[in-house]
>>> print(open('query33.cif').read())   # mmCIF, C-alpha atoms
data_protein
loop_
_atom_site.group_PDB
_atom_site.id
_atom_site.type_symbol
_atom_site.label_atom_id
_atom_site.label_comp_id
_atom_site.auth_asym_id
_atom_site.auth_seq_id
_atom_site.Cartn_x
_atom_site.Cartn_y
_atom_site.Cartn_z
ATOM 1 C CA MET A 1 100.626 105.314 85.387
ATOM 2 C CA VAL A 2 100.966 104.915 89.118
ATOM 3 C CA GLN A 3 100.845 108.089 91.084
ATOM 4 C CA TYR A 4 102.532 108.595 94.393
ATOM 5 C CA SER A 5 101.485 111.403 96.627
ATOM 6 C CA THR A 6 103.909 114.223 97.258
ATOM 7 C CA ALA A 7 103.976 113.352 100.952
ATOM 8 C CA ARG A 8 105.256 109.866 100.206
ATOM 9 C CA LEU A 9 107.867 111.118 97.763
ATOM 10 C CA ASP A 10 109.004 113.680 100.317
ATOM 11 C CA ALA A 11 109.395 110.914 102.888
ATOM 12 C CA SER A 12 111.496 108.875 100.437
ATOM 13 C CA PHE A 13 113.758 111.778 99.553
ATOM 14 C CA ALA A 14 114.152 112.810 103.193
ATOM 15 C CA ALA A 15 115.093 109.235 104.036
ATOM 16 C CA LEU A 16 117.697 109.157 101.272
ATOM 17 C CA SER A 17 119.210 112.529 102.165
ATOM 18 C CA ASP A 18 121.333 111.019 104.928
ATOM 19 C CA ALA A 19 124.629 109.231 104.228
ATOM 20 C CA THR A 20 124.187 106.699 107.039
ATOM 21 C CA ARG A 21 120.731 105.754 105.823
ATOM 22 C CA ARG A 22 122.012 105.323 102.277
ATOM 23 C CA GLY A 23 124.747 103.103 103.730
ATOM 24 C CA VAL A 24 122.144 101.060 105.586
ATOM 25 C CA LEU A 25 120.182 100.527 102.355
ATOM 26 C CA GLU A 26 123.355 99.439 100.595
ATOM 27 C CA GLN A 27 124.113 97.046 103.431
ATOM 28 C CA LEU A 28 120.608 95.596 103.402
ATOM 29 C CA GLY A 29 120.923 95.163 99.652
ATOM 30 C CA ARG A 30 123.667 92.631 100.396
ATOM 31 C CA SER A 31 121.866 90.861 103.225
ATOM 32 C CA ASP A 32 119.227 91.327 105.892
ATOM 33 C CA ALA A 33 120.583 92.509 109.227
ATOM 34 C CA SER A 34 119.450 93.129 112.771
ATOM 35 C CA ILE A 35 119.417 96.621 114.266
ATOM 36 C CA THR A 36 122.316 95.588 116.532
ATOM 37 C CA GLU A 37 124.415 94.447 113.568
ATOM 38 C CA LEU A 38 123.695 97.674 111.726
ATOM 39 C CA ALA A 39 124.550 99.775 114.803
ATOM 40 C CA ASP A 40 127.895 97.935 115.109
ATOM 41 C CA LYS A 41 128.707 98.308 111.450
ATOM 42 C CA PHE A 42 128.029 102.037 111.435
ATOM 43 C CA HIS A 43 129.557 102.651 114.874
ATOM 44 C CA MET A 44 126.363 104.022 116.318
ATOM 45 C CA THR A 45 124.279 103.545 119.405
ATOM 46 C CA LEU A 46 121.313 101.204 119.187
ATOM 47 C CA THR A 47 118.967 104.153 119.734
ATOM 48 C CA GLY A 48 120.590 106.150 116.937
ATOM 49 C CA MET A 49 120.291 103.246 114.504
ATOM 50 C CA LYS A 50 116.681 102.617 115.532
ATOM 51 C CA LYS A 51 115.880 106.195 114.555
ATOM 52 C CA HIS A 52 117.494 105.837 111.128
ATOM 53 C CA VAL A 53 115.737 102.543 110.471
ATOM 54 C CA GLY A 54 112.478 104.150 111.612
ATOM 55 C CA VAL A 55 112.867 106.900 108.997
ATOM 56 C CA LEU A 56 113.592 104.325 106.274
ATOM 57 C CA GLU A 57 110.624 102.273 107.406
ATOM 58 C CA GLN A 58 108.305 105.279 107.317
ATOM 59 C CA ALA A 59 109.373 105.912 103.730
ATOM 60 C CA GLY A 60 108.609 102.291 102.855
ATOM 61 C CA LEU A 61 112.235 101.641 101.902
ATOM 62 C CA VAL A 62 112.851 99.133 104.676
ATOM 63 C CA THR A 63 110.649 96.652 106.471
ATOM 64 C CA THR A 64 111.427 95.222 109.890
ATOM 65 C CA GLU A 65 110.222 92.150 111.648
ATOM 66 C CA LYS A 66 110.695 91.269 115.272
ATOM 67 C CA LEU A 67 111.566 87.663 116.008
ATOM 68 C CA GLY A 68 112.014 87.085 119.710
ATOM 69 C CA ARG A 69 114.290 89.876 120.877
ATOM 70 C CA VAL A 70 115.878 90.539 117.517
ATOM 71 C CA ARG A 71 114.486 93.019 115.012
ATOM 72 C CA THR A 72 115.533 92.059 111.496
ATOM 73 C CA CYS A 73 115.639 94.693 108.763
ATOM 74 C CA ARG A 74 115.328 94.072 105.055
ATOM 75 C CA LEU A 75 114.913 96.154 101.962
ATOM 76 C CA GLY A 76 111.308 97.192 101.457
ATOM 77 C CA LEU A 77 111.624 97.815 97.746
ATOM 78 C CA ARG A 78 109.922 94.588 96.804
ATOM 79 C CA ARG A 79 106.982 95.569 98.922
ATOM 80 C CA LEU A 80 106.892 98.932 97.194
ATOM 81 C CA GLU A 81 106.803 97.223 93.815
ATOM 82 C CA GLU A 82 103.969 95.000 94.983
ATOM 83 C CA GLU A 83 102.125 98.036 96.218
ATOM 84 C CA ALA A 84 102.645 99.836 92.910
ATOM 85 C CA ALA A 85 101.347 96.787 91.028
ATOM 86 C CA TRP A 86 98.318 96.547 93.308
ATOM 87 C CA ILE A 87 97.523 100.230 92.939
ATOM 88 C CA GLU A 88 97.756 99.856 89.175
ATOM 89 C CA ALA A 89 95.374 96.871 89.265
ATOM 90 C CA HIS A 90 93.029 98.885 91.465
ATOM 91 C CA ARG A 91 93.223 101.771 88.996
ATOM 92 C CA GLN A 92 92.409 99.466 86.096
ATOM 93 C CA LEU A 93 89.347 98.218 87.949
ATOM 94 C CA TRP A 94 88.092 101.754 88.530
ATOM 95 C CA ASP A 95 88.985 102.709 84.980
ATOM 96 C CA ALA A 96 86.916 99.852 83.567
ATOM 97 C CA ARG A 97 84.050 100.742 85.887
ATOM 98 C CA PHE A 98 84.238 104.395 84.994
ATOM 99 C CA ASP A 99 84.256 103.633 81.256
ATOM 100 C CA ALA A 100 80.968 101.804 81.787
ATOM 101 C CA LEU A 101 79.667 104.642 83.984
ATOM 102 C CA ASP A 102 80.539 107.095 81.203
ATOM 103 C CA ARG A 103 78.194 105.221 78.907
ATOM 104 C CA VAL A 104 75.418 105.224 81.520
ATOM 105 C CA VAL A 105 75.775 108.995 82.027
ATOM 106 C CA GLU A 106 75.740 109.539 78.249
ATOM 107 C CA GLU A 107 72.545 107.571 78.001
ATOM 108 C CA LEU A 108 70.893 109.494 80.852
ATOM 109 C CA LYS A 109 71.786 112.717 79.067
ATOM 110 C CA ARG A 110 70.301 111.553 75.785
ATOM 111 C CA LYS A 111 67.136 110.392 77.530
ATOM 112 C CA GLU A 112 66.701 113.755 79.232
ATOM 113 C CA LYS A 113 67.053 115.546 75.894
ATOM 114 C CA VAL A 114 64.384 113.365 74.359
ATOM 115 C CA ASP A 115 62.058 113.935 77.313
ATOM 116 C CA GLU A 116 62.432 117.704 77.171
ATOM 117 C CA MET B 1 95.129 103.417 76.153
ATOM 118 C CA ASN B 2 94.896 106.944 77.439
ATOM 119 C CA SER B 3 93.176 106.838 80.757
ATOM 120 C CA ARG B 4 91.631 109.588 82.792
ATOM 121 C CA THR B 5 91.295 107.593 85.968
ATOM 122 C CA THR B 6 93.901 108.245 88.624
ATOM 123 C CA VAL B 7 94.444 106.258 91.800
ATOM 124 C CA GLU B 8 96.844 107.177 94.560
ATOM 125 C CA ARG B 9 97.598 106.135 98.070
ATOM 126 C CA THR B 10 97.396 109.501 99.774
ATOM 127 C CA SER B 11 98.409 108.290 103.226
ATOM 128 C CA ASP B 12 99.042 105.106 105.203
ATOM 129 C CA ARG B 13 95.295 104.539 105.479
ATOM 130 C CA GLU B 14 93.830 106.216 102.403
ATOM 131 C CA LEU B 15 93.315 105.429 98.771
ATOM 132 C CA VAL B 16 91.795 107.901 96.318
ATOM 133 C CA ALA B 17 90.417 107.346 92.798
ATOM 134 C CA ARG B 18 89.377 110.260 90.568
ATOM 135 C CA ARG B 19 87.675 110.752 87.239
ATOM 136 C CA THR B 20 85.700 113.494 85.514
ATOM 137 C CA PHE B 21 82.402 112.682 83.812
ATOM 138 C CA ASP B 22 80.700 114.618 81.065
ATOM 139 C CA GLY B 23 77.393 115.259 82.768
ATOM 140 C CA PRO B 24 75.814 117.108 85.694
ATOM 141 C CA ALA B 25 76.332 115.846 89.253
ATOM 142 C CA ARG B 26 72.665 114.886 89.725
ATOM 143 C CA MET B 27 72.949 112.495 86.779
ATOM 144 C CA VAL B 28 76.203 110.909 87.898
ATOM 145 C CA PHE B 29 74.782 110.646 91.417
ATOM 146 C CA GLU B 30 71.717 108.906 90.020
ATOM 147 C CA ALA B 31 73.941 106.294 88.383
ATOM 148 C CA TRP B 32 75.487 105.586 91.812
ATOM 149 C CA THR B 33 72.213 105.295 93.658
ATOM 150 C CA LYS B 34 69.710 103.413 91.488
ATOM 151 C CA PRO B 35 70.296 99.650 91.624
ATOM 152 C CA GLU B 36 69.250 99.140 87.988
ATOM 153 C CA LEU B 37 71.880 101.702 86.949
ATOM 154 C CA ILE B 38 74.579 100.522 89.408
ATOM 155 C CA MET B 39 74.283 97.052 87.892
ATOM 156 C CA ARG B 40 75.209 98.417 84.505
ATOM 157 C CA TRP B 41 78.644 99.671 85.448
ATOM 158 C CA TRP B 42 79.864 98.583 88.904
ATOM 159 C CA ALA B 43 80.960 95.108 87.744
ATOM 160 C CA PRO B 44 82.879 95.668 84.510
ATOM 161 C CA THR B 45 82.219 92.897 81.999
ATOM 162 C CA SER B 46 85.927 92.854 81.152
ATOM 163 C CA PHE B 47 86.518 91.456 84.663
ATOM 164 C CA GLY B 48 84.375 88.436 83.991
ATOM 165 C CA ILE B 49 82.117 89.065 86.938
ATOM 166 C CA SER B 50 78.408 89.672 86.795
ATOM 167 C CA PHE B 51 75.758 90.765 89.227
ATOM 168 C CA LEU B 52 73.528 88.068 90.633
ATOM 169 C CA SER B 53 71.644 90.632 92.646
ATOM 170 C CA CYS B 54 71.955 94.262 93.632
ATOM 171 C CA GLU B 55 70.093 95.697 96.561
ATOM 172 C CA ALA B 56 70.750 99.263 97.624
ATOM 173 C CA ASP B 57 68.593 101.228 99.999
ATOM 174 C CA VAL B 58 70.385 104.482 99.349
ATOM 175 C CA ARG B 59 69.509 106.707 102.288
ATOM 176 C CA THR B 60 71.337 107.485 105.503
ATOM 177 C CA GLY B 61 71.247 104.323 107.608
ATOM 178 C CA GLY B 62 70.115 102.174 104.680
ATOM 179 C CA SER B 63 72.053 99.081 103.677
ATOM 180 C CA TYR B 64 73.295 97.549 100.451
ATOM 181 C CA ARG B 65 74.172 94.074 99.319
ATOM 182 C CA PHE B 66 75.836 93.308 95.992
ATOM 183 C CA VAL B 67 76.175 89.665 95.027
ATOM 184 C CA PHE B 68 78.444 88.631 92.146
ATOM 185 C CA GLY B 69 79.183 85.488 90.261
ATOM 186 C CA HIS B 70 82.412 84.608 88.494
ATOM 187 C CA PRO B 71 83.117 81.572 86.294
ATOM 188 C CA ALA B 72 86.224 80.758 88.383
ATOM 189 C CA SER B 73 84.264 80.638 91.602
ATOM 190 C CA GLU B 74 81.475 78.275 92.590
ATOM 191 C CA GLN B 75 80.440 80.414 95.506
ATOM 192 C CA PRO B 76 78.797 83.724 94.796
ATOM 193 C CA MET B 77 80.534 86.655 96.459
ATOM 194 C CA ALA B 78 78.647 89.142 98.551
ATOM 195 C CA PHE B 79 79.706 92.687 99.333
ATOM 196 C CA PHE B 80 77.629 94.546 101.838
ATOM 197 C CA GLY B 81 77.502 97.446 104.231
ATOM 198 C CA ARG B 82 75.575 100.504 105.273
ATOM 199 C CA TYR B 83 75.167 104.026 103.947
ATOM 200 C CA ILE B 84 76.376 106.423 106.633
ATOM 201 C CA GLU B 85 75.645 109.581 104.691
ATOM 202 C CA VAL B 86 73.578 110.282 101.587
ATOM 203 C CA THR B 87 73.533 113.898 100.422
ATOM 204 C CA PRO B 88 72.207 114.240 96.865
ATOM 205 C CA PRO B 89 73.839 115.073 94.566
ATOM 206 C CA SER B 90 77.185 115.716 96.214
ATOM 207 C CA ARG B 91 78.141 113.062 98.749
ATOM 208 C CA LEU B 92 77.789 109.357 99.506
ATOM 209 C CA VAL B 93 79.468 107.539 102.392
ATOM 210 C CA TRP B 94 79.217 103.811 103.050
ATOM 211 C CA THR B 95 80.899 101.066 105.037
ATOM 212 C CA ASN B 96 82.371 97.859 103.605
ATOM 213 C CA ASP B 97 81.415 95.173 106.081
ATOM 214 C CA GLU B 98 82.123 91.933 104.194
ATOM 215 C CA GLU B 99 85.473 91.592 105.928
ATOM 216 C CA GLU B 100 87.190 92.890 108.989
ATOM 217 C CA GLY B 101 89.345 95.942 108.413
ATOM 218 C CA GLY B 102 87.138 97.088 105.536
ATOM 219 C CA ALA B 103 87.368 100.703 104.436
ATOM 220 C CA VAL B 104 84.815 103.464 104.764
ATOM 221 C CA THR B 105 84.166 104.765 101.257
ATOM 222 C CA THR B 106 83.318 108.410 100.641
ATOM 223 C CA VAL B 107 82.325 109.511 97.154
ATOM 224 C CA ALA B 108 82.264 113.239 96.378
ATOM 225 C CA PHE B 109 80.584 114.611 93.253
ATOM 226 C CA GLU B 110 81.809 118.077 92.278
ATOM 227 C CA GLU B 111 80.091 119.729 89.336
ATOM 228 C CA LYS B 112 81.792 122.394 87.244
ATOM 229 C CA ASP B 113 80.698 123.679 83.831
ATOM 230 C CA GLY B 114 78.379 120.744 83.278
ATOM 231 C CA LYS B 115 81.068 118.170 84.094
ATOM 232 C CA THR B 116 81.387 116.236 87.330
ATOM 233 C CA LEU B 117 84.562 115.276 89.121
ATOM 234 C CA VAL B 118 84.064 112.070 91.093
ATOM 235 C CA VAL B 119 86.470 111.413 93.961
ATOM 236 C CA VAL B 120 86.294 107.983 95.592
ATOM 237 C CA HIS B 121 88.057 108.009 98.922
ATOM 238 C CA ASP B 122 88.670 104.761 100.840
ATOM 239 C CA LEU B 123 89.675 105.241 104.457
ATOM 240 C CA TYR B 124 90.958 102.070 106.127
ATOM 241 C CA PRO B 125 90.829 101.685 109.912
ATOM 242 C CA SER B 126 94.612 101.377 110.101
ATOM 243 C CA LYS B 127 97.785 101.241 108.031
ATOM 244 C CA ASP B 128 97.849 97.496 108.698
ATOM 245 C CA ALA B 129 94.364 97.075 107.242
ATOM 246 C CA LEU B 130 95.313 98.773 103.961
ATOM 247 C CA ASP B 131 98.642 96.926 103.850
ATOM 248 C CA ALA B 132 96.740 93.678 104.393
ATOM 249 C CA ALA B 133 94.350 94.487 101.545
ATOM 250 C CA ILE B 134 97.367 95.097 99.319
ATOM 251 C CA ALA B 135 99.203 91.974 100.505
ATOM 252 C CA SER B 136 96.142 89.790 99.897
ATOM 253 C CA GLY B 137 96.269 90.835 96.261
ATOM 254 C CA SER B 138 92.605 91.670 96.212
ATOM 255 C CA THR B 139 91.756 94.901 94.483
ATOM 256 C CA GLY B 140 89.318 97.132 96.192
ATOM 257 C CA GLY B 141 87.621 94.258 97.924
ATOM 258 C CA TRP B 142 87.724 91.768 95.074
ATOM 259 C CA PRO B 143 88.688 88.325 96.300
ATOM 260 C CA GLU B 144 91.797 86.431 95.331
ATOM 261 C CA GLN B 145 90.055 84.702 92.433
ATOM 262 C CA PHE B 146 90.900 87.795 90.483
ATOM 263 C CA GLU B 147 94.624 87.338 90.566
ATOM 264 C CA GLN B 148 94.397 86.650 86.856
ATOM 265 C CA LEU B 149 93.258 90.224 86.639
ATOM 266 C CA ASP B 150 96.457 91.448 85.061
ATOM 267 C CA ASP B 151 96.410 88.751 82.377
ATOM 268 C CA LEU B 152 92.818 89.521 81.614
ATOM 269 C CA LEU B 153 93.481 93.193 81.308
ATOM 270 C CA ASN B 154 96.552 92.675 79.195
ATOM 271 C CA THR B 155 94.522 90.528 76.806
ATOM 272 C CA LEU B 156 91.893 93.181 76.768
ATOM 273 C CA GLY B 157 94.421 95.947 76.200
ATOM 274 C CA ALA B 158 95.955 94.025 73.293
ATOM 275 C CA SER B 159 92.628 93.568 71.555
ATOM 276 C CA VAL B 160 91.666 97.242 71.720
#
>>> encode(input="query33.cif", output="structure tokens")
Amino acid sequence: MVQYSTARLDASFAALSDATRRGVLEQLGRSDASITELADKFHMTLTGMKKHVGVLEQAGLVTTEKLGRVRTCRLGLRRLEEEAAWIEAHRQLWDARFDALDRVVEELKRKEKVDE
Amino acid sequence: MNSRTTVERTSDRELVARRTFDGPARMVFEAWTKPELIMRWWAPTSFGISFLSCEADVRTGGSYRFVFGHPASEQPMAFFGRYIEVTPPSRLVWTNDEEEGGAVTTVAFEEKDGKTLVVVHDLYPSKDALDAAIASGSTGGWPEQFEQLDDLLNTLGASV
């Protein structure tokens, strides 16, 4: 079971609490878009759209990449899935280690009892 | 399989693993600081890797070097760094110097009623460094050879 910290969940929910940002996600679900294109589509200033995209980016819902003078935005969900998979793999590594460590600790305890 | 190990990314730069062990902190600490004991659990056999050598001079300023072999890799893999803080039996801090952008690992041992909660905290130098570790597919410093990790574990899970 992958666990996300409360802070990260809060960031996701805060990002999704705004109608424009939900619209942007929907739009990016159809195709990647530049900040300028998104600002046009939602009748906003470039600065206003940058802020919204920044919030979505912080929450890991959107990733952006700057190519020349254009910043392209795309859905970050895939990245989130990759991250979740990685964290799960990392957890399995620690879990396997800790199972082995359990046995070592058990043995140390038994030894101490014998020595007493 | 019911597992008691939790791992979470607690911030852009931090990763935390937790587990409680049925034994006093001094014992669990011992298992983290004696090379002959480290070798018995740090490289889980289910991962197909094995220690070739394990050197650990566990004192503040001391260094460590773990070398592993894996059937899929001709080259042995070395993981090394330095202990920044060693406070028995409650705290261990070390660096991971085998690659740039490596984390600083802090392990806290908290004893309560004869049991010990172990918290492994990896602090990466930047969000980019942790993102890069994730993007490379390596888990906790394991190289890419272990991409078959999931398959391996699934096989293992099925046979239990």
>>> resolve_selection(input="query33.cif", expression="the PyMOL selection byres ((chain A and resi 95) around 9)", output="JSON, numbers by chain")
{"A": [90, 91, 92, 93, 94, 96, 97, 98, 99, 100], "B": [3, 4, 5, 6, 19]}
>>> closest_residue(input="query33.cif", among="B:Ala135, B:Val28, B:Ala78, B:Val104", to="Ala85 in chain A", atoms="all atoms listed in the file")
B:Ala135
>>> interface_residues(input="query33.cif", of="chain B", to="chain A", cutoff="6 Å", atoms="all atoms listed in the file", output="PyMOL selection string")
chain B and resi 5+7-8+10+41-42+44+139
>>> axis_aligned_box(input="query33.cif", around="range 103-106 of chain A", padding_each_side="3 Å", output="JSON")
{"center_x": 76.8, "center_y": 107.4, "center_z": 80.1, "size_x": 8.8, "size_y": 10.3, "size_z": 9.8}
>>> closest_residue(input="query33.cif", among="B:Asp122, B:Asp128, B:Asp22, B:Asp12", to="Thr106 in chain B", atoms="all atoms listed in the file")
B:Asp122
>>> residues_around(input="query33.cif", residues="Leu46 in chain A", least_positions_apart="5", cutoff="8 Å", atoms="all atoms listed in the file", output="tab-separated table (two decimals) with C-alpha atoms, in the coordinates of the input")
chain	number	residue	atom	x	y	z
A	35	ILE	CA	119.42	96.62	114.27
A	36	THR	CA	122.32	95.59	116.53
A	39	ALA	CA	124.55	99.78	114.80
>>> closest_residue(input="query33.cif", among="A:Leu56, A:Val62, A:Leu75, A:Val24", to="Phe42 in chain A", atoms="all atoms listed in the file")
A:Val24
>>> build_atoms(input="query33.cif", residues="range 11-30 of chain B", atoms="N, CA and C atoms", output="compact mmCIF listing (two decimals), in the frame of the given file")
# COMPACT_ATOMS: atom_id res chain seq x y z
N SER B 11 97.80 108.40 101.90
CA SER B 11 98.41 108.29 103.23
C SER B 11 98.47 106.81 103.56
N ASP B 12 98.95 106.50 104.76
CA ASP B 12 99.04 105.11 105.20
C ASP B 12 97.71 104.39 105.14
N ARG B 13 96.61 105.16 105.32
CA ARG B 13 95.30 104.54 105.48
C ARG B 13 94.34 104.88 104.35
N GLU B 14 94.78 105.69 103.38
CA GLU B 14 93.83 106.22 102.40
C GLU B 14 94.21 105.94 100.95
N LEU B 15 93.17 105.69 100.19
CA LEU B 15 93.32 105.43 98.77
C LEU B 15 92.28 106.30 98.05
N VAL B 16 92.71 106.98 96.98
CA VAL B 16 91.80 107.90 96.32
C VAL B 16 91.77 107.64 94.80
N ALA B 17 90.57 107.49 94.25
CA ALA B 17 90.42 107.35 92.80
C ALA B 17 89.63 108.55 92.29
N ARG B 18 90.03 109.07 91.12
CA ARG B 18 89.38 110.26 90.57
C ARG B 18 89.08 110.10 89.08
N ARG B 19 87.99 110.71 88.68
CA ARG B 19 87.68 110.75 87.24
C ARG B 19 86.61 111.82 87.01
N THR B 20 86.69 112.48 85.86
CA THR B 20 85.70 113.49 85.51
C THR B 20 84.72 112.93 84.49
N PHE B 21 83.45 113.18 84.71
CA PHE B 21 82.40 112.68 83.81
C PHE B 21 81.71 113.84 83.12
N ASP B 22 81.31 113.58 81.88
CA ASP B 22 80.70 114.62 81.06
C ASP B 22 79.19 114.64 81.30
N GLY B 23 78.81 115.18 82.45
CA GLY B 23 77.39 115.26 82.77
C GLY B 23 77.24 115.94 84.11
N PRO B 24 76.03 116.42 84.41
CA PRO B 24 75.81 117.11 85.69
C PRO B 24 75.86 116.13 86.88
N ALA B 25 76.17 116.67 88.05
CA ALA B 25 76.33 115.85 89.25
C ALA B 25 75.08 115.03 89.56
N ARG B 26 73.89 115.63 89.38
CA ARG B 26 72.67 114.89 89.72
C ARG B 26 72.53 113.62 88.90
N MET B 27 73.03 113.66 87.65
CA MET B 27 72.95 112.50 86.78
C MET B 27 73.95 111.42 87.20
N VAL B 28 75.17 111.87 87.48
CA VAL B 28 76.20 110.91 87.90
C VAL B 28 75.78 110.30 89.24
N PHE B 29 75.25 111.12 90.11
CA PHE B 29 74.78 110.65 91.42
C PHE B 29 73.69 109.59 91.24
N GLU B 30 72.81 109.85 90.30
CA GLU B 30 71.72 108.91 90.02
C GLU B 30 72.27 107.53 89.64
